[in-house]
$ cat my_file_23.txt   # compact mmCIF, C-alpha atoms
# COMPACT_ATOMS: atom_id res chain seq x y z
CA MET M 276 0.00 0.00 0.00
CA PRO M 277 1.47 3.42 -0.99
CA ASP M 278 2.36 5.80 1.82
CA LEU M 279 -0.43 8.22 0.88
CA GLU M 280 -3.06 5.49 1.18
CA LEU M 281 -1.61 4.44 4.53
CA PHE M 282 -1.97 7.93 5.91
CA GLN M 283 -5.47 8.28 4.43
CA THR M 284 -6.54 5.05 6.16
CA LEU M 285 -4.96 6.19 9.39
CA ALA M 286 -6.75 9.57 9.16
CA ILE M 287 -10.12 7.91 8.57
CA SER M 288 -9.53 5.53 11.47
CA LEU M 289 -8.57 8.39 13.76
CA GLY M 290 -11.54 10.48 12.59
CA LEU M 291 -14.07 7.71 13.21
CA GLY M 292 -12.64 7.07 16.66
CA LEU M 293 -12.79 10.77 17.49
CA LEU M 294 -16.39 10.97 16.27
CA VAL M 295 -17.60 8.16 18.52
CA GLY M 296 -15.32 9.28 21.35
CA LEU M 297 -16.74 12.80 21.16
CA GLN M 298 -20.25 11.48 21.64
CA ARG M 299 -19.23 9.27 24.57
CA GLN M 300 -17.29 12.14 26.17
CA HIS M 301 -20.35 14.36 25.86
CA GLU M 302 -22.41 11.70 27.64
CA LYS M 303 -19.71 11.46 30.33
CA ALA M 304 -19.12 7.75 29.77
CA ARG M 305 -16.81 6.37 32.49
CA ILE M 306 -15.13 3.61 30.49
CA ALA M 307 -13.95 5.48 27.40
CA GLY M 308 -14.19 8.92 25.81
CA ILE M 309 -12.56 11.32 23.39
CA ARG M 310 -9.06 9.79 23.76
CA THR M 311 -9.75 6.10 24.29
CA PHE M 312 -12.00 5.55 21.26
CA PRO M 313 -9.57 6.89 18.65
CA LEU M 314 -6.73 4.92 20.30
CA ILE M 315 -8.74 1.69 20.10
CA THR M 316 -9.83 2.33 16.49
CA VAL M 317 -6.26 3.11 15.38
CA PHE M 318 -5.11 0.03 17.32
CA GLY M 319 -7.48 -2.06 15.18
CA THR M 320 -6.04 -0.51 12.02
CA VAL M 321 -2.45 -1.18 13.08
CA CYS M 322 -3.33 -4.80 13.97
CA ALA M 323 -4.81 -5.27 10.50
CA TRP M 324 -1.64 -3.86 8.90
CA LEU M 325 0.51 -6.23 10.95
CA ALA M 326 -1.79 -9.11 9.98
CA GLN M 327 -0.84 -8.59 6.33
CA ASP M 328 2.72 -9.69 7.17
CA TYR M 329 2.30 -11.85 10.27
CA GLY M 330 -1.12 -13.46 9.81
CA GLY M 331 -4.65 -13.03 11.11
CA TRP M 332 -3.67 -13.96 14.66
CA MET M 333 -2.53 -10.34 15.09
CA ILE M 334 -6.13 -9.12 14.75
CA ALA M 335 -7.37 -11.88 17.05
CA THR M 336 -4.76 -10.93 19.67
CA GLY M 337 -5.70 -7.27 19.38
CA ALA M 338 -9.40 -8.10 19.81
CA VAL M 339 -8.63 -10.18 22.94
CA GLY M 340 -6.49 -7.35 24.29
CA THR M 341 -9.27 -4.82 23.71
CA ALA M 342 -11.77 -7.10 25.43
CA ALA M 343 -9.36 -7.48 28.38
CA ILE M 344 -9.11 -3.68 28.68
CA VAL M 345 -12.90 -3.46 28.74
CA VAL M 346 -13.19 -6.17 31.41
CA VAL M 347 -10.54 -4.60 33.64
CA ALA M 348 -12.11 -1.15 33.29
CA ASN M 349 -15.49 -2.57 34.22
CA LEU M 350 -14.11 -4.33 37.29
CA LEU M 351 -12.44 -1.15 38.48
CA GLN M 352 -15.60 0.89 37.97
CA ARG M 353 -17.90 -1.52 39.82
CA ASN M 354 -16.40 -0.54 43.16
CA GLN M 355 -17.68 3.02 42.71
CA GLU M 356 -21.16 4.13 43.62
CA HIS M 357 -23.80 5.30 41.13
CA VAL M 358 -22.11 3.63 38.19
CA ASP M 359 -24.21 2.87 35.13
CA ILE M 360 -23.77 -0.87 34.55
CA GLY M 361 -24.94 -0.75 30.95
CA GLN M 362 -22.71 -2.31 28.31
CA THR M 363 -23.22 0.20 25.48
CA THR M 364 -19.81 1.88 25.68
CA GLU M 365 -18.04 -1.46 26.06
CA ALA M 366 -19.79 -2.87 22.98
CA ALA M 367 -18.97 0.30 21.05
CA LEU M 368 -15.28 -0.04 21.97
CA LEU M 369 -15.11 -3.59 20.65
CA LEU M 370 -16.97 -2.64 17.49
CA MET M 371 -14.72 0.35 16.82
CA PHE M 372 -11.66 -1.90 17.12
CA ALA M 373 -13.25 -4.08 14.43
CA VAL M 374 -14.02 -0.99 12.32
CA GLY M 375 -10.39 0.08 12.53
CA ALA M 376 -9.29 -3.36 11.33
CA TYR M 377 -11.92 -3.47 8.60
CA LEU M 378 -10.62 -0.22 7.13
CA VAL M 379 -7.56 -2.20 6.07
CA ALA M 380 -9.05 -5.64 5.41
CA GLY M 381 -12.39 -4.63 3.88
CA ASN M 382 -14.28 -1.79 2.21
CA THR M 383 -13.53 1.76 3.36
CA ALA M 384 -17.03 3.05 2.59
CA VAL M 385 -18.63 0.26 4.64
CA ALA M 386 -16.28 0.93 7.57
CA VAL M 387 -17.09 4.66 7.48
CA ALA M 388 -20.81 3.88 7.34
CA ILE M 389 -20.55 1.56 10.36
CA GLY M 390 -18.57 4.13 12.34
CA GLY M 391 -21.11 6.83 11.56
CA LEU M 392 -23.97 4.50 12.46
CA VAL M 393 -22.35 3.73 15.82
CA ALA M 394 -22.12 7.45 16.63
CA VAL M 395 -25.75 8.05 15.60
CA LEU M 396 -27.07 5.09 17.61
CA LEU M 397 -25.19 6.23 20.69
CA HIS M 398 -26.49 9.78 20.27
CA LEU M 399 -30.13 8.67 19.82
CA LYS M 400 -30.30 6.85 23.15
CA GLU M 401 -33.07 8.97 24.65
CA THR M 402 -34.99 9.20 21.38
CA LEU M 403 -34.94 5.44 20.91
CA HIS M 404 -35.90 4.79 24.53
CA GLN M 405 -38.84 7.18 24.25
CA ALA M 406 -39.96 5.60 20.98
CA ILE M 407 -39.87 2.12 22.54
CA ALA M 408 -41.76 3.40 25.57
CA ARG M 409 -44.55 4.62 23.27
CA LEU M 410 -44.92 1.22 21.59
CA GLY M 411 -48.04 -0.58 22.66
CA GLU M 412 -48.84 -4.28 22.51
CA LYS M 413 -50.49 -3.76 19.11
CA ASP M 414 -47.38 -2.07 17.70
CA LEU M 415 -45.04 -4.75 18.99
CA ARG M 416 -47.31 -7.40 17.51
CA ALA M 417 -47.11 -5.63 14.13
CA ILE M 418 -43.30 -5.71 14.25
CA MET M 419 -43.18 -9.38 15.24
CA GLN M 420 -45.69 -10.31 12.54
CA PHE M 421 -43.57 -8.54 9.94
CA VAL M 422 -40.54 -10.47 11.22
CA VAL M 423 -42.48 -13.72 10.72
CA ILE M 424 -43.54 -12.66 7.22
CA SER M 425 -40.09 -11.47 6.09
CA LEU M 426 -37.49 -13.42 8.07
CA VAL M 427 -39.25 -16.69 8.94
CA ILE M 428 -41.60 -17.54 6.07
CA LEU M 429 -39.73 -16.01 3.12
CA PRO M 430 -36.39 -17.89 3.50
CA ILE M 431 -38.03 -21.34 3.64
CA LEU M 432 -40.14 -20.96 0.50
CA PRO M 433 -38.89 -22.74 -2.65
CA ASP M 434 -37.47 -20.51 -5.36
CA LYS M 435 -38.98 -22.57 -8.19
CA THR M 436 -41.87 -22.05 -10.60
CA TYR M 437 -45.00 -24.22 -10.51
CA GLY M 438 -48.50 -24.43 -11.96
CA PRO M 439 -50.03 -23.42 -15.29
CA TYR M 440 -47.84 -21.27 -17.51
CA ASN M 441 -44.96 -21.89 -15.09
CA VAL M 442 -45.41 -18.48 -13.43
CA LEU M 443 -46.11 -19.30 -9.77
CA ASN M 444 -42.88 -18.94 -7.81
CA PRO M 445 -43.65 -19.14 -4.05
CA TYR M 446 -40.49 -17.23 -3.10
CA ASN M 447 -41.08 -14.38 -5.56
CA ILE M 448 -44.78 -14.16 -4.68
CA TRP M 449 -44.00 -13.87 -0.98
CA LEU M 450 -41.18 -11.42 -1.66
CA MET M 451 -43.79 -9.11 -3.20
CA VAL M 452 -45.95 -9.64 -0.10
CA VAL M 453 -42.99 -8.53 2.05
CA LEU M 454 -42.55 -5.41 -0.11
CA ILE M 455 -46.21 -4.36 0.13
CA VAL M 456 -46.50 -5.13 3.85
CA GLY M 457 -43.24 -3.26 4.47
CA ILE M 458 -44.56 -0.12 2.73
CA GLY M 459 -47.80 -0.34 4.69
CA LEU M 460 -45.93 -0.87 7.96
CA ALA M 461 -43.76 2.18 7.32
CA GLY M 462 -46.92 4.23 6.85
CA TYR M 463 -48.47 2.70 9.97
CA PHE M 464 -45.55 3.71 12.20
CA ALA M 465 -45.46 7.15 10.60
CA TYR M 466 -49.11 7.39 11.65
CA LYS M 467 -48.19 6.30 15.19
CA VAL M 468 -45.68 9.15 15.35
CA PHE M 469 -47.71 11.87 13.60
CA GLY M 470 -51.28 10.57 13.47
CA GLY M 471 -52.61 12.48 16.45
CA LYS M 472 -51.01 15.70 15.17
CA ALA M 473 -51.56 15.07 11.46
CA GLY M 474 -53.57 17.67 9.60
CA THR M 475 -55.24 17.15 6.27
CA LEU M 476 -51.97 17.24 4.29
CA LEU M 477 -50.10 14.69 6.38
CA GLY M 478 -53.29 12.67 6.78
CA GLY M 479 -53.53 12.26 3.01
CA ILE M 480 -49.88 11.29 2.71
CA LEU M 481 -50.13 8.69 5.45
CA GLY M 482 -53.38 7.38 4.00
CA GLY M 483 -51.68 6.81 0.65
CA LEU M 484 -48.80 4.95 2.29
CA ILE M 485 -51.03 2.69 4.35
CA SER M 486 -54.01 2.15 1.97
CA SER M 487 -55.63 4.72 -0.28
CA THR M 488 -58.73 2.53 -0.64
CA ALA M 489 -59.18 2.15 3.13
CA THR M 490 -58.66 5.92 3.49
CA THR M 491 -61.34 6.55 0.85
CA VAL M 492 -63.82 4.31 2.67
CA SER M 493 -63.11 5.89 6.07
CA PHE M 494 -63.34 9.53 5.02
CA SER M 495 -66.33 8.97 2.73
CA ARG M 496 -68.29 7.68 5.70
CA ARG M 497 -67.05 10.54 7.87
CA ALA M 498 -68.14 13.19 5.33
CA LYS M 499 -71.69 11.88 4.93
CA GLY M 500 -74.08 14.32 6.58
CA ALA M 501 -71.25 16.46 7.97
CA ASP M 502 -70.80 19.57 5.82
CA ALA M 503 -67.72 20.75 7.73
CA SER M 504 -65.88 17.51 6.91
CA ILE M 505 -66.56 17.45 3.17
CA THR M 506 -63.64 19.61 1.96
CA PRO M 507 -60.95 18.11 4.24
CA ALA M 508 -62.22 14.59 3.53
CA ALA M 509 -62.14 15.22 -0.23
CA PHE M 510 -58.62 16.59 0.02
CA ILE M 511 -57.39 13.61 2.09
CA ILE M 512 -58.96 11.13 -0.36
CA LEU M 513 -57.37 12.95 -3.31
CA MET M 514 -53.99 13.22 -1.59
CA ALA M 515 -54.03 9.54 -0.61
CA SER M 516 -54.71 8.56 -4.24
CA THR M 517 -51.91 10.89 -5.38
CA ILE M 518 -49.45 9.23 -3.01
CA ALA M 519 -50.69 5.86 -4.31
CA PHE M 520 -49.19 6.83 -7.69
CA LEU M 521 -45.89 7.55 -5.98
CA ARG M 522 -46.16 4.17 -4.28
CA ILE M 523 -46.67 2.51 -7.68
CA MET M 524 -43.49 4.13 -9.00
CA VAL M 525 -41.53 2.95 -5.95
CA GLU M 526 -42.75 -0.61 -6.53
CA ILE M 527 -41.63 -0.50 -10.17
CA PHE M 528 -38.23 0.88 -9.17
CA VAL M 529 -37.74 -1.92 -6.62
CA VAL M 530 -38.90 -4.79 -8.85
CA ALA M 531 -37.62 -3.63 -12.25
CA PRO M 532 -35.09 -0.80 -11.77
CA ALA M 533 -33.68 -1.07 -15.29
CA THR M 534 -37.07 -0.16 -16.78
CA THR M 535 -37.50 3.10 -14.88
CA PRO M 536 -36.10 5.53 -17.54
CA GLN M 537 -38.95 4.57 -19.88
CA VAL M 538 -41.68 3.40 -17.48
CA ILE M 539 -41.59 5.99 -14.69
CA PRO M 540 -41.90 9.31 -16.67
CA PRO M 541 -45.49 8.86 -17.97
CA LEU M 542 -46.65 7.72 -14.53
CA ALA M 543 -44.79 10.64 -12.97
CA ALA M 544 -46.65 13.00 -15.33
CA VAL M 545 -50.02 11.78 -13.98
CA PHE M 546 -48.67 11.94 -10.41
CA LEU M 547 -47.60 15.57 -10.93
CA LEU M 548 -51.01 16.42 -12.42
CA MET M 549 -52.76 14.99 -9.36
CA LEU M 550 -50.31 16.80 -7.10
CA VAL M 551 -51.14 20.09 -8.83
CA ILE M 552 -54.87 19.40 -8.41
CA ALA M 553 -54.41 18.57 -4.72
CA THR M 554 -52.26 21.68 -4.17
CA ALA M 555 -54.86 23.90 -5.86
CA LEU M 556 -57.64 22.43 -3.70
CA TYR M 557 -55.56 22.90 -0.56
CA PHE M 558 -54.83 26.58 -1.14
CA ILE M 559 -58.21 27.53 -2.64
CA LYS M 560 -60.48 25.77 -0.16
CA LYS M 561 -58.06 25.74 2.79
CA PRO M 562 -59.42 22.52 4.34
CA THR M 563 -59.55 22.52 8.13
CA HIS M 564 -57.81 20.04 10.43
CA GLU M 565 -59.21 16.53 10.19
CA LYS M 566 -57.86 13.89 12.55
CA MET M 567 -57.04 10.51 11.04
CA PRO M 568 -59.01 7.52 12.31
CA GLU M 569 -57.18 4.71 14.09
CA GLN M 570 -55.24 2.61 11.60
CA GLY M 571 -55.18 -1.17 11.59
CA ASN M 572 -52.11 -3.37 11.68
CA PRO M 573 -50.93 -3.85 8.04
CA ALA M 574 -48.66 -6.79 8.96
CA GLN M 575 -51.38 -9.28 9.88
CA LEU M 576 -50.63 -12.73 8.50
CA LYS M 577 -54.20 -13.08 7.27
CA SER M 578 -53.90 -9.89 5.18
CA ALA M 579 -50.50 -11.01 3.86
CA LEU M 580 -51.93 -14.37 2.78
CA ALA M 581 -54.88 -12.61 1.12
CA PHE M 582 -52.57 -10.33 -0.88
CA GLY M 583 -50.37 -13.31 -1.80
CA ALA M 584 -53.43 -15.14 -3.11
CA VAL M 585 -54.60 -12.10 -5.09
CA TYR M 586 -51.13 -11.59 -6.52
CA ALA M 587 -50.91 -15.27 -7.56
CA LEU M 588 -54.32 -15.02 -9.27
CA VAL M 589 -53.22 -11.89 -11.10
CA LEU M 590 -50.05 -13.67 -12.24
CA LEU M 591 -52.14 -16.54 -13.62
CA ALA M 592 -54.66 -14.17 -15.23
CA THR M 593 -51.86 -12.13 -16.77
CA ALA M 594 -50.16 -15.23 -18.20
CA PHE M 595 -53.49 -16.55 -19.55
CA ALA M 596 -54.46 -13.21 -21.10
CA GLU M 597 -51.05 -12.77 -22.74
CA ASP M 598 -51.08 -16.33 -24.08
CA THR M 599 -54.65 -16.11 -25.39
CA PHE M 600 -55.05 -12.51 -26.53
CA GLY M 601 -51.49 -11.19 -26.63
CA SER M 602 -50.42 -8.05 -24.79
CA ASN M 603 -53.83 -6.42 -25.49
CA GLY M 604 -55.44 -9.00 -23.20
CA LEU M 605 -53.40 -7.65 -20.31
CA PHE M 606 -55.38 -4.40 -20.41
CA ILE M 607 -58.53 -6.33 -19.51
CA VAL M 608 -56.74 -7.89 -16.54
CA ALA M 609 -55.43 -4.45 -15.58
CA ILE M 610 -58.93 -2.95 -15.49
CA ILE M 611 -60.36 -5.83 -13.45
CA SER M 612 -57.41 -6.01 -11.06
CA GLY M 613 -57.16 -2.23 -10.75
CA LEU M 614 -60.72 -2.04 -9.46
CA THR M 615 -59.60 -3.55 -6.18
CA ASP M 616 -55.79 -3.78 -5.97
CA VAL M 617 -53.29 -1.85 -8.10
CA ASP M 618 -50.28 -3.32 -6.26
CA ALA M 619 -50.79 -6.84 -7.63
CA ILE M 620 -51.01 -5.85 -11.30
CA THR M 621 -48.16 -3.34 -10.85
CA LEU M 622 -45.84 -5.99 -9.42
CA SER M 623 -46.79 -8.70 -11.93
CA THR M 624 -46.39 -6.32 -14.89
CA SER M 625 -43.08 -5.05 -13.53
CA GLN M 626 -41.77 -8.60 -13.29
CA LEU M 627 -42.81 -9.30 -16.89
CA MET M 628 -40.96 -6.17 -18.04
CA HIS M 629 -37.93 -7.03 -15.92
CA ALA M 630 -37.78 -10.52 -17.47
CA GLY M 631 -38.08 -9.10 -20.98
CA ASN M 632 -41.43 -10.80 -21.61
CA LEU M 633 -43.39 -7.56 -22.08
CA PRO M 634 -42.47 -4.42 -24.06
CA LEU M 635 -41.87 -1.49 -21.74
CA ASP M 636 -44.19 0.76 -23.72
CA SER M 637 -47.04 -1.71 -23.15
CA GLY M 638 -46.04 -2.29 -19.53
CA TRP M 639 -46.43 1.26 -18.25
CA ARG M 640 -49.70 1.64 -20.15
CA ILE M 641 -51.10 -1.47 -18.46
CA ILE M 642 -50.10 -0.15 -15.03
CA LEU M 643 -51.57 3.28 -15.77
CA VAL M 644 -54.86 1.75 -16.97
CA ALA M 645 -55.06 -0.21 -13.70
CA ALA M 646 -54.36 2.96 -11.67
CA LEU M 647 -57.04 4.93 -13.54
CA ALA M 648 -59.51 2.07 -13.06
CA ASN M 649 -58.71 2.20 -9.35
CA LEU M 650 -59.51 5.93 -9.29
CA ALA M 651 -62.88 5.20 -10.89
CA PHE M 652 -63.50 2.45 -8.33
CA LYS M 653 -62.74 4.79 -5.44
CA ALA M 654 -65.05 7.42 -6.92
CA GLY M 655 -67.76 4.75 -6.83
CA ILE M 656 -66.97 4.10 -3.16
CA VAL M 657 -67.44 7.81 -2.44
CA ALA M 658 -70.76 7.84 -4.32
CA ILE M 659 -72.08 4.92 -2.26
CA LEU M 660 -70.71 5.80 1.17
CA GLY M 661 -70.22 9.56 1.15
CA GLY M 662 -73.29 11.14 -0.34
CA ARG M 663 -73.88 13.61 -3.14
CA GLN M 664 -71.81 16.59 -1.97
CA ILE M 665 -68.45 14.89 -1.49
CA PHE M 666 -69.07 12.77 -4.60
CA PHE M 667 -69.37 15.99 -6.62
CA TYR M 668 -65.96 17.05 -5.31
CA ILE M 669 -64.31 13.67 -5.97
CA ALA M 670 -65.97 13.12 -9.35
CA THR M 671 -64.64 16.50 -10.52
CA LEU M 672 -61.13 16.03 -9.10
CA PHE M 673 -60.75 12.41 -10.17
CA GLY M 674 -62.37 13.22 -13.52
CA VAL M 675 -59.62 15.73 -14.32
CA ALA M 676 -56.95 13.21 -13.22
CA ILE M 677 -58.48 10.39 -15.29
CA ALA M 678 -58.78 12.67 -18.33
CA GLY M 679 -55.12 13.63 -17.92
CA GLY M 680 -54.17 9.98 -17.61
CA LEU M 681 -56.07 9.11 -20.79
CA LEU M 682 -54.28 11.93 -22.62
CA VAL M 683 -50.94 10.51 -21.45
CA LEU M 684 -51.98 7.08 -22.76
CA TRP M 685 -52.92 8.60 -26.09
CA LEU M 686 -50.22 11.22 -26.67
CA TRP M 687 -47.11 9.91 -24.89
CA PRO M 688 -44.43 9.05 -27.50
CA GLU M 689 -43.47 5.40 -27.79
CA ASN M 690 -40.11 4.33 -26.36
CA LEU M 691 -39.43 7.79 -24.90
CA GLN M 692 -36.76 7.54 -22.19
CA LEU M 693 -35.97 10.16 -19.57
CA PHE M 694 -33.62 10.21 -16.56
CA VAL M 695 -30.94 8.33 -18.56

$ encode --input "my_file_23.txt" --output "structure tokens"
Amino acid sequence: MPDLELFQTLAISLGLGLLVGLQRQHEKARIAGIRTFPLITVFGTVCAWLAQDYGGWMIATGAVGTAAIVVVANLLQRNQEHVDIGQTTEAALLLMFAVGAYLVAGNTAVAVAIGGLVAVLLHLKETLHQAIARLGEKDLRAIMQFVVISLVILPILPDKTYGPYNVLNPYNIWLMVVLIVGIGLAGYFAYKVFGGKAGTLLGGILGGLISSTATTVSFSRRAKGADASITPAAFIILMASTIAFLRIMVEIFVVAPATTPQVIPPLAAVFLLMLVIATALYFIKKPTHEKMPEQGNPAQLKSALAFGAVYALVLLATAFAEDTFGSNGLFIVAIISGLTDVDAITLSTSQLMHAGNLPLDSGWRIILVAALANLAFKAGIVAILGGRQIFFYIATLFGVAIAGGLLVLWLWPENLQLFV
């Protein structure tokens, strides 16, 4: 290693140690502070350099020596009164030794990221403790259910295709379930943090993250017979459906990232149109504060199984329609699927595009048709549950969005790529 690189590595090691040591010194940690942490981190780096010539036992010896220092320091401190017996600083010391060694033996960017993460985690002690204290039994159950869905069920599923048209892959199907549940769970915990303080703007955003359809049902019922709730409810329903378009684009980016230069722009155009409509409504009508209703747990196993079943059916229907009618048949599936669940047709179409089995120009059109069908379906929900006044609002707002979407379908140039 050239001398310049040696000194760069040493500087990074020293800097990371100082960063974590600064935080521990500020918290008045008894075991280690602004001097000890950089010494330990640099010690790890030096051990890794020596290991290049004398073998890996140098790192192992250094790690044992660091652990011995921690043990001795702990024993000496236990004789004093009012000593915090937590092990956070001790664990951070051992980890920073490893970070110092990894700067030499591994990837510098990863080592820097780990060092920064250590400092942030140590600094967020009170914030994390307060967040955990606010978790109820329902919230903890949601986390554990997501762990079951993502870390217990997913790894044991076979990564093979079965059934008609050879399109049912249990692992891939459940991976899409994990993606959708994860997005919903993120929205759910955002609601737990902001829900009580959320106004109409944040309420619409959270509603779109969790479920735009459920938000439409809830606020349609709330607006019926309550004139004061009509404008804020209409805005929240519109905003939730706008965020649903953003959610669709995120799903495409995750499942088929290579397709995004051609697939995302037309969908983004409709999203921006809806955002402009929502912004105009917000500033013209100035909807008053409307508290969000209590949100359900999006990580329930029953809901995950239901989405998995719907997604599998959409996969089969998509394969059948493409085999029987060609790509035009997929538009029929998109309309039917979009009436109830845009996520399933979005994910299945994205996978077809990612595998090269569907032209990108047809793919984004199928997804957009499903999204527009979903807007029409939600307008129907408002008509049934919300009454005439809010339906007039939603029919007008969604009508403009659907008309804009149809214009995009008609006028958007084929094979146009942006963001390249």

$ closest_atom_pairs --input "my_file_23.txt" --of "region 596-668 of chain M" --to "region 682-686 of chain M" --cutoff "9 Å" --atoms "all atoms listed in the file" --output "CSV"
residue,atom,partner,partner_atom,distance
M:Arg640,CA,M:Leu684,CA,6.5
M:Leu643,CA,M:Leu684,CA,8.0
M:Val644,CA,M:Leu684,CA,8.4

$ closest_residue --input "my_file_23.txt" --among "M:Leu614, M:Thr621, M:Gln298, M:Ala676" --to "Val525 (chain M)" --atoms "only C-alpha atoms"
M:Thr621

$ closest_residue --input "my_file_23.txt" --among "M:Ala367, M:Val538, M:Val379, M:Ile552" --to "Phe282 (chain M)" --atoms "only C-alpha atoms"
M:Val379

$ residues_around --input "my_file_23.txt" --residues "region 485-493 of chain M" --least-positions-apart "5" --cutoff "6 Å" --atoms "only C-alpha atoms" --output "PyMOL selection string"
chain M and resi 459+462+512+515-516

$ closest_residue --input "my_file_23.txt" --among "M:Asn603, M:Thr364, M:Phe582, M:Thr534" --to "Ile620 (chain M)" --atoms "all atoms listed in the file"
M:Phe582

$ atom_distance --input "my_file_23.txt" --atom1 "CA of Ala645 (chain M)" --atom2 "CA of Ile523 (chain M)"
10.7 Å

$ closest_residue --input "my_file_23.txt" --among "M:Val608, M:Ile656, M:Ile669, M:Val317" --to "Ala286 (chain M)" --atoms "all atoms listed in the file"
M:Val317

$ residues_near_point --input "my_file_23.txt" --point "(-49.0, 14.9, -8.9)" --cutoff "10 Å" --atoms "all atoms listed in the file" --output "list in words"
Met514, Ser516, Thr517, Ile518, Phe520, Leu521, Leu542, Ala543, Ala544, Val545, Phe546, Leu547, Leu548, Met549, Leu550, Val551, Ile552, Ala553, Thr554 and Ala676 of chain M

$ closest_residue --input "my_file_23.txt" --among "M:Tyr557, M:Tyr586, M:Phe494, M:Trp687" --to "Ser612 (chain M)" --atoms "all atoms listed in the file"
M:Tyr586

$ atom_distance --input "my_file_23.txt" --atom1 "CA of Leu633 (chain M)" --atom2 "CA of Gly679 (chain M)"
24.6 Å

$ residues_around --input "my_file_23.txt" --residues "region 415-423 of chain M" --least-positions-apart "4" --cutoff "9 Å" --atoms "all atoms listed in the file" --output "PyMOL selection string"
chain M and resi 410-411+427-429+453+456-457+460+572-576

$ closest_residue --input "my_file_23.txt" --among "M:Ser623, M:Ser578, M:Thr615, M:Thr363" --to "Leu647 (chain M)" --atoms "only C-alpha atoms"
M:Thr615

$ atom_distance --input "my_file_23.txt" --atom1 "CA of Pro439 (chain M)" --atom2 "CA of Leu580 (chain M)"
20.3 Å

$ residues_around --input "my_file_23.txt" --residues "Ser602 (chain M)" --least-positions-apart "2" --cutoff "12 Å" --atoms "all atoms listed in the file" --output "list in words"
Thr593, Ala594, Phe595, Ala596, Glu597, Asp598, Thr599, Phe600, Gly604, Leu605, Phe606, Ile607, Val608, Ala609, Thr624, Leu627, Met628, Asn632, Leu633, Pro634, Leu635, Asp636, Ser637, Gly638, Arg640 and Ile641 of chain M

$ residues_around --input "my_file_23.txt" --residues "region 387-396 of chain M" --least-positions-apart "5" --cutoff "12 Å" --atoms "all atoms listed in the file" --output "ChimeraX atom specification"
/M:284,286-302,312-313,316,363-364,366-379,381-382,401-404

$ write_last_selection --input "my_file_23.txt" --atoms "C-alpha atoms" --output "PDB file, keeping the file's coordinate frame"
ATOM      1  CA  THR M 284      -6.540   5.050   6.160  1.00  0.00           C
ATOM      2  CA  ALA M 286      -6.750   9.570   9.160  1.00  0.00           C
ATOM      3  CA  ILE M 287     -10.120   7.910   8.570  1.00  0.00           C
ATOM      4  CA  SER M 288      -9.530   5.530  11.470  1.00  0.00           C
ATOM      5  CA  LEU M 289      -8.570   8.390  13.760  1.00  0.00           C
ATOM      6  CA  GLY M 290     -11.540  10.480  12.590  1.00  0.00           C
ATOM      7  CA  LEU M 291     -14.070   7.710  13.210  1.00  0.00           C
ATOM      8  CA  GLY M 292     -12.640   7.070  16.660  1.00  0.00           C
ATOM      9  CA  LEU M 293     -12.790  10.770  17.490  1.00  0.00           C
ATOM     10  CA  LEU M 294     -16.390  10.970  16.270  1.00  0.00           C
ATOM     11  CA  VAL M 295     -17.600   8.160  18.520  1.00  0.00           C
ATOM     12  CA  GLY M 296     -15.320   9.280  21.350  1.00  0.00           C
ATOM     13  CA  LEU M 297     -16.740  12.800  21.160  1.00  0.00           C
ATOM     14  CA  GLN M 298     -20.250  11.480  21.640  1.00  0.00           C
ATOM     15  CA  ARG M 299     -19.230   9.270  24.570  1.00  0.00           C
ATOM     16  CA  GLN M 300     -17.290  12.140  26.170  1.00  0.00           C
ATOM     17  CA  HIS M 301     -20.350  14.360  25.860  1.00  0.00           C
ATOM     18  CA  GLU M 302     -22.410  11.700  27.640  1.00  0.00           C
ATOM     19  CA  PHE M 312     -12.000   5.550  21.260  1.00  0.00           C
ATOM     20  CA  PRO M 313      -9.570   6.890  18.650  1.00  0.00           C
ATOM     21  CA  THR M 316      -9.830   2.330  16.490  1.00  0.00           C
ATOM     22  CA  THR M 363     -23.220   0.200  25.480  1.00  0.00           C
ATOM     23  CA  THR M 364     -19.810   1.880  25.680  1.00  0.00           C
ATOM     24  CA  ALA M 366     -19.790  -2.870  22.980  1.00  0.00           C
ATOM     25  CA  ALA M 367     -18.970   0.300  21.050  1.00  0.00           C
ATOM     26  CA  LEU M 368     -15.280  -0.040  21.970  1.00  0.00           C
ATOM     27  CA  LEU M 369     -15.110  -3.590  20.650  1.00  0.00           C
ATOM     28  CA  LEU M 370     -16.970  -2.640  17.490  1.00  0.00           C
ATOM     29  CA  MET M 371     -14.720   0.350  16.820  1.00  0.00           C
ATOM     30  CA  PHE M 372     -11.660  -1.900  17.120  1.00  0.00           C
ATOM     31  CA  ALA M 373     -13.250  -4.080  14.430  1.00  0.00           C
ATOM     32  CA  VAL M 374     -14.020  -0.990  12.320  1.00  0.00           C
ATOM     33  CA  GLY M 375     -10.390   0.080  12.530  1.00  0.00           C
ATOM     34  CA  ALA M 376      -9.290  -3.360  11.330  1.00  0.00           C
ATOM     35  CA  TYR M 377     -11.920  -3.470   8.600  1.00  0.00           C
ATOM     36  CA  LEU M 378     -10.620  -0.220   7.130  1.00  0.00           C
ATOM     37  CA  VAL M 379      -7.560  -2.200   6.070  1.00  0.00           C
ATOM     38  CA  GLY M 381     -12.390  -4.630   3.880  1.00  0.00           C
ATOM     39  CA  ASN M 382     -14.280  -1.790   2.210  1.00  0.00           C
ATOM     40  CA  GLU M 401     -33.070   8.970  24.650  1.00  0.00           C
ATOM     41  CA  THR M 402     -34.990   9.200  21.380  1.00  0.00           C
ATOM     42  CA  LEU M 403     -34.940   5.440  20.910  1.00  0.00           C
ATOM     43  CA  HIS M 404     -35.900   4.790  24.530  1.00  0.00           C
TER      44      HIS M 404
END
